[in-house]
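Content type PDB, C-alpha atoms, pLDDT in the B column, from the file final-v5.pdb:
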ATOM      1  CA  GLN A   1     -78.544  70.716   5.642  1.00 87.00           C
ATOM      2  CA  VAL A   2     -76.592  72.601   3.001  1.00 90.00           C
ATOM      3  CA  ARG A   3     -74.790  75.728   4.094  1.00 95.00           C
ATOM      4  CA  LEU A   4     -72.454  78.142   2.346  1.00 96.00           C
ATOM      5  CA  VAL A   5     -70.735  80.587   4.672  1.00 98.00           C
ATOM      6  CA  GLU A   6     -68.584  83.435   3.398  1.00 98.00           C
ATOM      7  CA  SER A   7     -65.844  85.014   5.497  1.00 98.00           C
ATOM      8  CA  GLY A   8     -62.880  87.328   5.117  1.00 98.00           C
ATOM      9  CA  GLY A   9     -64.616  90.567   4.254  1.00 98.00           C
ATOM     10  CA  GLY A  10     -63.786  93.845   5.943  1.00 98.00           C
ATOM     11  CA  LEU A  11     -62.450  97.344   5.464  1.00 98.00           C
ATOM     12  CA  VAL A  12     -59.335  97.810   3.362  1.00 98.00           C
ATOM     13  CA  GLN A  13     -57.605 100.782   1.785  1.00 98.00           C
ATOM     14  CA  SER A  14     -57.388 101.251  -1.958  1.00 98.00           C
ATOM     15  CA  GLY A  15     -54.643  99.035  -3.333  1.00 97.00           C
ATOM     16  CA  GLY A  16     -55.004  96.546  -0.514  1.00 98.00           C
ATOM     17  CA  SER A  17     -55.901  92.850  -0.565  1.00 98.00           C
ATOM     18  CA  LEU A  18     -58.381  90.495   1.020  1.00 98.00           C
ATOM     19  CA  ARG A  19     -58.828  86.758   0.909  1.00 98.00           C
ATOM     20  CA  LEU A  20     -62.459  85.689   0.960  1.00 98.00           C
ATOM     21  CA  SER A  21     -63.417  82.154   1.791  1.00 98.00           C
ATOM     22  CA  CYS A  22     -66.572  80.154   1.129  1.00 97.00           C
ATOM     23  CA  ALA A  23     -67.044  77.174   3.433  1.00 96.00           C
ATOM     24  CA  VAL A  24     -69.464  74.550   2.128  1.00 95.00           C
ATOM     25  CA  SER A  25     -71.163  71.927   4.255  1.00 92.00           C
ATOM     26  CA  GLY A  26     -73.835  69.381   3.462  1.00 90.00           C
ATOM     27  CA  LEU A  27     -72.670  68.835  -0.135  1.00 85.00           C
ATOM     28  CA  ALA A  28     -70.250  66.259  -1.471  1.00 77.00           C
ATOM     29  CA  SER A  29     -67.346  68.369  -2.667  1.00 65.00           C
ATOM     30  CA  PRO A  30     -66.837  67.226  -6.266  1.00 72.00           C
ATOM     31  CA  SER A  31     -70.538  67.482  -7.130  1.00 83.00           C
ATOM     32  CA  TYR A  32     -70.871  71.244  -7.525  1.00 93.00           C
ATOM     33  CA  ALA A  33     -69.238  74.237  -9.126  1.00 96.00           C
ATOM     34  CA  ILE A  34     -68.872  77.436  -7.092  1.00 97.00           C
ATOM     35  CA  GLY A  35     -69.245  81.015  -8.179  1.00 97.00           C
ATOM     36  CA  TRP A  36     -68.312  84.229  -6.438  1.00 98.00           C
ATOM     37  CA  PHE A  37     -70.647  87.149  -7.020  1.00 98.00           C
ATOM     38  CA  ARG A  38     -71.029  90.634  -5.636  1.00 98.00           C
ATOM     39  CA  GLN A  39     -73.687  93.261  -5.271  1.00 98.00           C
ATOM     40  CA  ALA A  40     -72.957  96.903  -4.675  1.00 98.00           C
ATOM     41  CA  PHE A  41     -75.553  99.181  -3.129  1.00 96.00           C
ATOM     42  CA  GLY A  42     -78.170 100.089  -5.706  1.00 96.00           C
ATOM     43  CA  LYS A  43     -76.717  97.802  -8.367  1.00 97.00           C
ATOM     44  CA  GLU A  44     -77.519  94.362  -9.694  1.00 97.00           C
ATOM     45  CA  ARG A  45     -75.631  91.295  -8.581  1.00 97.00           C
ATOM     46  CA  GLU A  46     -72.755  90.425 -10.897  1.00 97.00           C
ATOM     47  CA  GLY A  47     -70.473  87.453 -11.406  1.00 98.00           C
ATOM     48  CA  ILE A  48     -66.795  87.749 -10.444  1.00 98.00           C
ATOM     49  CA  SER A  49     -65.208  84.338 -10.849  1.00 98.00           C
ATOM     50  CA  CYS A  50     -66.307  80.730 -10.799  1.00 98.00           C
ATOM     51  CA  ILE A  51     -64.583  77.368 -10.571  1.00 97.00           C
ATOM     52  CA  SER A  52     -65.620  73.945 -11.802  1.00 97.00           C
ATOM     53  CA  ARG A  53     -66.223  70.867  -9.678  1.00 95.00           C
ATOM     54  CA  SER A  54     -62.660  69.606  -9.649  1.00 94.00           C
ATOM     55  CA  GLY A  55     -61.065  73.027  -9.987  1.00 94.00           C
ATOM     56  CA  ALA A  56     -59.840  72.249 -13.496  1.00 95.00           C
ATOM     57  CA  ASN A  57     -61.616  75.207 -15.106  1.00 97.00           C
ATOM     58  CA  THR A  58     -62.324  78.767 -14.042  1.00 97.00           C
ATOM     59  CA  ASN A  59     -64.073  81.769 -15.555  1.00 96.00           C
ATOM     60  CA  SER A  60     -63.621  85.388 -14.572  1.00 97.00           C
ATOM     61  CA  ALA A  61     -65.340  88.634 -15.450  1.00 96.00           C
ATOM     62  CA  ASP A  62     -63.427  91.138 -17.531  1.00 94.00           C
ATOM     63  CA  PHE A  63     -63.343  93.681 -14.710  1.00 91.00           C
ATOM     64  CA  VAL A  64     -61.267  91.266 -12.611  1.00 89.00           C
ATOM     65  CA  LYS A  65     -58.301  92.128 -14.881  1.00 80.00           C
ATOM     66  CA  GLY A  66     -56.112  89.545 -13.203  1.00 89.00           C
ATOM     67  CA  ARG A  67     -56.635  91.066  -9.759  1.00 97.00           C
ATOM     68  CA  PHE A  68     -58.798  88.264  -8.366  1.00 97.00           C
ATOM     69  CA  THR A  69     -57.896  84.569  -8.216  1.00 97.00           C
ATOM     70  CA  ILE A  70     -60.302  81.770  -7.371  1.00 98.00           C
ATOM     71  CA  SER A  71     -59.212  78.416  -5.945  1.00 97.00           C
ATOM     72  CA  ARG A  72     -60.794  75.478  -4.185  1.00 96.00           C
ATOM     73  CA  ASP A  73     -59.784  72.805  -1.707  1.00 94.00           C
ATOM     74  CA  ASN A  74     -62.011  69.756  -2.122  1.00 91.00           C
ATOM     75  CA  VAL A  75     -60.686  68.177   1.049  1.00 91.00           C
ATOM     76  CA  LYS A  76     -61.616  71.166   3.209  1.00 93.00           C
ATOM     77  CA  ASN A  77     -64.713  71.968   1.082  1.00 93.00           C
ATOM     78  CA  THR A  78     -63.688  75.585   0.702  1.00 95.00           C
ATOM     79  CA  VAL A  79     -63.443  77.959  -2.231  1.00 97.00           C
ATOM     80  CA  ASP A  80     -61.301  81.053  -1.816  1.00 98.00           C
ATOM     81  CA  LEU A  81     -61.209  84.320  -3.707  1.00 98.00           C
ATOM     82  CA  GLN A  82     -57.941  86.212  -3.440  1.00 98.00           C
ATOM     83  CA  ALA A  83     -58.674  89.844  -4.219  1.00 98.00           C
ATOM     84  CA  ASN A  84     -55.675  92.097  -4.847  1.00 98.00           C
ATOM     85  CA  ASN A  85     -55.274  95.759  -5.760  1.00 97.00           C
ATOM     86  CA  LEU A  86     -58.752  96.535  -4.531  1.00 97.00           C
ATOM     87  CA  GLU A  87     -60.421  99.755  -5.610  1.00 96.00           C
ATOM     88  CA  PRO A  88     -63.322 101.713  -4.088  1.00 97.00           C
ATOM     89  CA  GLU A  89     -65.468 100.413  -6.961  1.00 96.00           C
ATOM     90  CA  ASP A  90     -65.014  96.903  -5.525  1.00 97.00           C
ATOM     91  CA  THR A  91     -67.035  97.844  -2.446  1.00 98.00           C
ATOM     92  CA  ALA A  92     -69.951  95.415  -2.274  1.00 98.00           C
ATOM     93  CA  VAL A  93     -71.411  92.420  -0.500  1.00 98.00           C
ATOM     94  CA  TYR A  94     -69.650  89.333  -1.826  1.00 98.00           C
ATOM     95  CA  TYR A  95     -71.549  86.046  -2.131  1.00 98.00           C
ATOM     96  CA  CYS A  96     -70.684  82.508  -3.058  1.00 98.00           C
ATOM     97  CA  ALA A  97     -73.131  80.126  -4.667  1.00 97.00           C
ATOM     98  CA  ALA A  98     -73.173  76.424  -5.495  1.00 96.00           C
ATOM     99  CA  GLN A  99     -74.070  75.397  -9.036  1.00 95.00           C
ATOM    100  CA  ARG A 100     -75.391  72.037 -10.112  1.00 90.00           C
ATOM    101  CA  ARG A 101     -73.183  70.795 -12.965  1.00 91.00           C
ATOM    102  CA  GLN A 102     -72.498  67.428 -14.571  1.00 90.00           C
ATOM    103  CA  ASP A 103     -69.418  68.710 -16.397  1.00 94.00           C
ATOM    104  CA  GLU A 104     -66.264  70.669 -15.669  1.00 95.00           C
ATOM    105  CA  GLN A 105     -67.757  74.070 -16.377  1.00 96.00           C
ATOM    106  CA  CYS A 106     -69.176  76.912 -14.321  1.00 97.00           C
ATOM    107  CA  VAL A 107     -71.383  79.905 -15.007  1.00 96.00           C
ATOM    108  CA  LEU A 108     -70.849  83.563 -14.122  1.00 96.00           C
ATOM    109  CA  ASP A 109     -74.505  84.533 -14.539  1.00 95.00           C
ATOM    110  CA  PRO A 110     -76.121  85.183 -11.115  1.00 95.00           C
ATOM    111  CA  ASN A 111     -79.484  84.201 -12.636  1.00 95.00           C
ATOM    112  CA  TYR A 112     -78.260  80.800 -13.828  1.00 94.00           C
ATOM    113  CA  ASP A 113     -81.056  78.334 -13.082  1.00 91.00           C
ATOM    114  CA  GLY A 114     -78.580  75.675 -11.983  1.00 90.00           C
ATOM    115  CA  THR A 115     -77.619  77.725  -8.930  1.00 91.00           C
ATOM    116  CA  TYR A 116     -79.199  76.045  -5.971  1.00 85.00           C
ATOM    117  CA  TYR A 117     -77.605  77.446  -2.833  1.00 94.00           C
ATOM    118  CA  TRP A 118     -76.397  80.911  -1.874  1.00 97.00           C
ATOM    119  CA  GLY A 119     -74.439  82.111   1.104  1.00 98.00           C
ATOM    120  CA  LYS A 120     -75.526  85.180   3.037  1.00 98.00           C
ATOM    121  CA  GLY A 121     -72.577  87.269   1.948  1.00 98.00           C
ATOM    122  CA  THR A 122     -69.625  89.129   3.414  1.00 98.00           C
ATOM    123  CA  LEU A 123     -69.160  92.882   3.145  1.00 98.00           C
ATOM    124  CA  VAL A 124     -66.046  94.302   1.495  1.00 98.00           C
ATOM    125  CA  THR A 125     -65.455  98.025   1.878  1.00 98.00           C
ATOM    126  CA  VAL A 126     -62.575  99.693   0.068  1.00 98.00           C
ATOM    127  CA  SER A 127     -61.678 103.205   1.151  1.00 97.00           C
ATOM    128  CA  SER A 128     -59.956 105.693  -1.122  1.00 93.00           C
TER     129      SER A 128
END

Represent the structure contained in this file as structure tokens.
Amino acid sequence: QVRLVESGGGLVQSGGSLRLSCAVSGLASPSYAIGWFRQAFGKEREGISCISRSGANTNSADFVKGRFTISRDNVKNTVDLQANNLEPEDTAVYYCAAQRRQDEQCVLDPNYDGTYYWGKGTLVTVSS
């Protein structure tokens, strides 16, 4: 059974940091890319950062502005998102998703039809 479980969310003050983690089970690690996405209340889900199967390539949304860093450990089957200098506008439920890829690319579009598993999300709340 495939499972993606996010952790590390919580309440943080503006300017603070969090490290989110996505633990993957039931999938052979090098066979999938991983994306981090978020959805704020009343808004559509949006892509934050993604990382290719081996970790060789990453993509990030413009709003990340160097504040967020994605990394993966293919031995532990985890993909982390280090989020620094958080702002109230970053408040959202954060999700990770596994993408079926045959190459070393990944996709930031939450509607990408190669996305085949989603986690249930972890809530990040940034207070001003």

What's the 12 Å shell around Gln39 (chain A), counting only C-alpha atoms, without same-chain residues fewer than 4 positions away, as a PyMOL selection string? chain A and resi 43-48+89-96+110+120-125

Any chance you could export the current selection's C-alpha atoms as a short mmCIF file (atom, residue, chain, number, x, y, z; two decimals), keeping the file's coordinate frame?
data_model
loop_
_atom_site.label_atom_id
_atom_site.label_comp_id
_atom_site.auth_asym_id
_atom_site.auth_seq_id
_atom_site.Cartn_x
_atom_site.Cartn_y
_atom_site.Cartn_z
CA LYS A 43 -76.72 97.80 -8.37
CA GLU A 44 -77.52 94.36 -9.69
CA ARG A 45 -75.63 91.30 -8.58
CA GLU A 46 -72.76 90.42 -10.90
CA GLY A 47 -70.47 87.45 -11.41
CA ILE A 48 -66.80 87.75 -10.44
CA GLU A 89 -65.47 100.41 -6.96
CA ASP A 90 -65.01 96.90 -5.52
CA THR A 91 -67.04 97.84 -2.45
CA ALA A 92 -69.95 95.42 -2.27
CA VAL A 93 -71.41 92.42 -0.50
CA TYR A 94 -69.65 89.33 -1.83
CA TYR A 95 -71.55 86.05 -2.13
CA CYS A 96 -70.68 82.51 -3.06
CA PRO A 110 -76.12 85.18 -11.12
CA LYS A 120 -75.53 85.18 3.04
CA GLY A 121 -72.58 87.27 1.95
CA THR A 122 -69.62 89.13 3.41
CA LEU A 123 -69.16 92.88 3.14
CA VAL A 124 -66.05 94.30 1.50
CA THR A 125 -65.46 98.02 1.88
#

Given the file above and the PyMOL selection byres ((chain A and resi 69) around 9), which residues are selected, and can you give them as a list in words?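 Applied to this file, the PyMOL selection byres ((chain A and resi 69) around 9) returns Ser49, Ser60, Val64, Gly66, Arg67, Phe68, Ile70, Ser71, Asp80, Leu81, Gln82, Ala83 and Asn84 of chain A.
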
Quick one: residues within 6 Å of region 12-23 of chain A, all atoms listed in the file, excluding same-chain residues fewer than 5 positions away - as an NGL selection string? :A and (4-7 or 78-87 or 126-128)

Do you have the CA of Tyr116 (chain A)-CA of Ala61 (chain A) distance handy?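 Spanning CA of Tyr116 (chain A) to CA of Ala61 (chain A) is a straight-line distance of 21.0 Å.
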
Have a look at A:Ser31, A:Asn111, A:Ser25, A:Gln105 and name the one nearest to Asn57 (chain A); count all atoms listed in the file. A:Gln105

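Once the PyMOL selection byres ((chain A and resi 55) around 12) is applied to the shown structure, the selection contains Ser29, Pro30, Ser31, Tyr32, Ala33, Ile34, Gly35, Cys50, Ile51, Ser52, Arg53, Ser54, Ala56, Asn57, Thr58, Asn59, Ile70, Ser71, Arg72, Asp73, Asn74, Asn77, Thr78, Val79, Asp80, Asp103, Glu104, Gln105 and Cys106 of chain A.
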
What are the centre and the three edge lengths of an axis-aligned box that wraps all atoms of region 111-121 of chain A in the file, given that 3 Å is added to every side, written as lines of an AutoDock Vina configuration file and rounded to one decimal in Å?
center_x = -76.8
center_y = 81.5
center_z = -5.4
size_x = 14.5
size_y = 17.6
size_z = 22.9

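Checking A:Lys65, A:Arg100, A:Arg38, A:Lys76 one by one against Tyr112 (chain A), counting all atoms listed in the file, you find the shortest gap at A:Arg100.
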
Report, in Å to a single decimal, how far apart CA of Asp62 (chain A) and CA of Leu11 (chain A) are.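 These atoms are spaced 23.8 Å apart.
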
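With all atoms listed in the file as the basis for measurement, A:Gly26 is the residue among A:Gly42, A:Pro88, A:Gly26, A:Gly10 that approaches Tyr117 (chain A) most closely.
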
Only C-alpha atoms, please: region 56-113 of chain A from the block, as a CSV table (one decimal), in the first residue's frame.
chain,number,residue,atom,x,y,z
A,56,ALA,CA,19.3,15.9,-9.5
A,57,ASN,CA,16.8,18.5,-10.6
A,58,THR,CA,14.4,20.8,-8.8
A,59,ASN,CA,11.8,23.4,-9.7
A,60,SER,CA,10.4,26.1,-7.5
A,61,ALA,CA,7.6,28.7,-7.8
A,62,ASP,CA,8.5,32.3,-8.2
A,63,PHE,CA,6.9,33.2,-4.8
A,64,VAL,CA,9.4,30.9,-3.0
A,65,LYS,CA,12.1,33.6,-3.7
A,66,GLY,CA,14.8,31.4,-2.3
A,67,ARG,CA,13.0,31.0,1.0
A,68,PHE,CA,12.1,27.3,0.6
A,69,THR,CA,14.5,24.5,-0.2
A,70,ILE,CA,13.5,21.0,-1.2
A,71,SER,CA,15.7,17.9,-0.7
A,72,ARG,CA,15.3,14.2,-0.7
A,73,ASP,CA,16.9,11.2,1.0
A,74,ASN,CA,16.4,8.1,-1.2
A,75,VAL,CA,17.6,5.8,1.6
A,76,LYS,CA,15.1,7.0,4.1
A,77,ASN,CA,12.4,7.6,1.4
A,78,THR,CA,11.8,11.1,2.6
A,79,VAL,CA,11.5,14.5,0.9
A,80,ASP,CA,11.9,17.6,3.0
A,81,LEU,CA,10.9,21.2,2.5
A,82,GLN,CA,12.8,23.7,4.5
A,83,ALA,CA,10.7,26.8,4.8
A,84,ASN,CA,12.5,30.0,6.0
A,85,ASN,CA,11.3,33.6,6.6
A,86,LEU,CA,7.7,32.5,6.6
A,87,GLU,CA,5.0,35.1,6.2
A,88,PRO,CA,1.3,35.1,7.1
A,89,GLU,CA,0.6,34.6,3.4
A,90,ASP,CA,2.3,31.2,3.7
A,91,THR,CA,-0.5,30.0,5.9
A,92,ALA,CA,-2.0,26.9,4.2
A,93,VAL,CA,-2.3,23.2,4.3
A,94,TYR,CA,0.9,21.8,2.7
A,95,TYR,CA,0.8,18.5,0.7
A,96,CYS,CA,3.3,16.3,-0.9
A,97,ALA,CA,2.5,14.2,-4.0
A,98,ALA,CA,4.3,11.5,-5.9
A,99,GLN,CA,4.6,11.9,-9.7
A,100,ARG,CA,5.2,9.2,-12.2
A,101,ARG,CA,8.2,10.1,-14.3
A,102,GLN,CA,10.6,8.3,-16.6
A,103,ASP,CA,13.1,11.1,-16.7
A,104,GLU,CA,14.8,13.5,-14.2
A,105,GLN,CA,12.1,16.1,-14.3
A,106,CYS,CA,9.2,17.1,-12.1
A,107,VAL,CA,6.1,19.2,-12.5
A,108,LEU,CA,4.8,22.0,-10.3
A,109,ASP,CA,1.2,21.8,-11.7
A,110,PRO,CA,-1.1,20.3,-9.0
A,111,ASN,CA,-3.3,19.1,-11.9
A,112,TYR,CA,-0.5,17.2,-13.6
A,113,ASP,CA,-2.0,13.9,-14.8
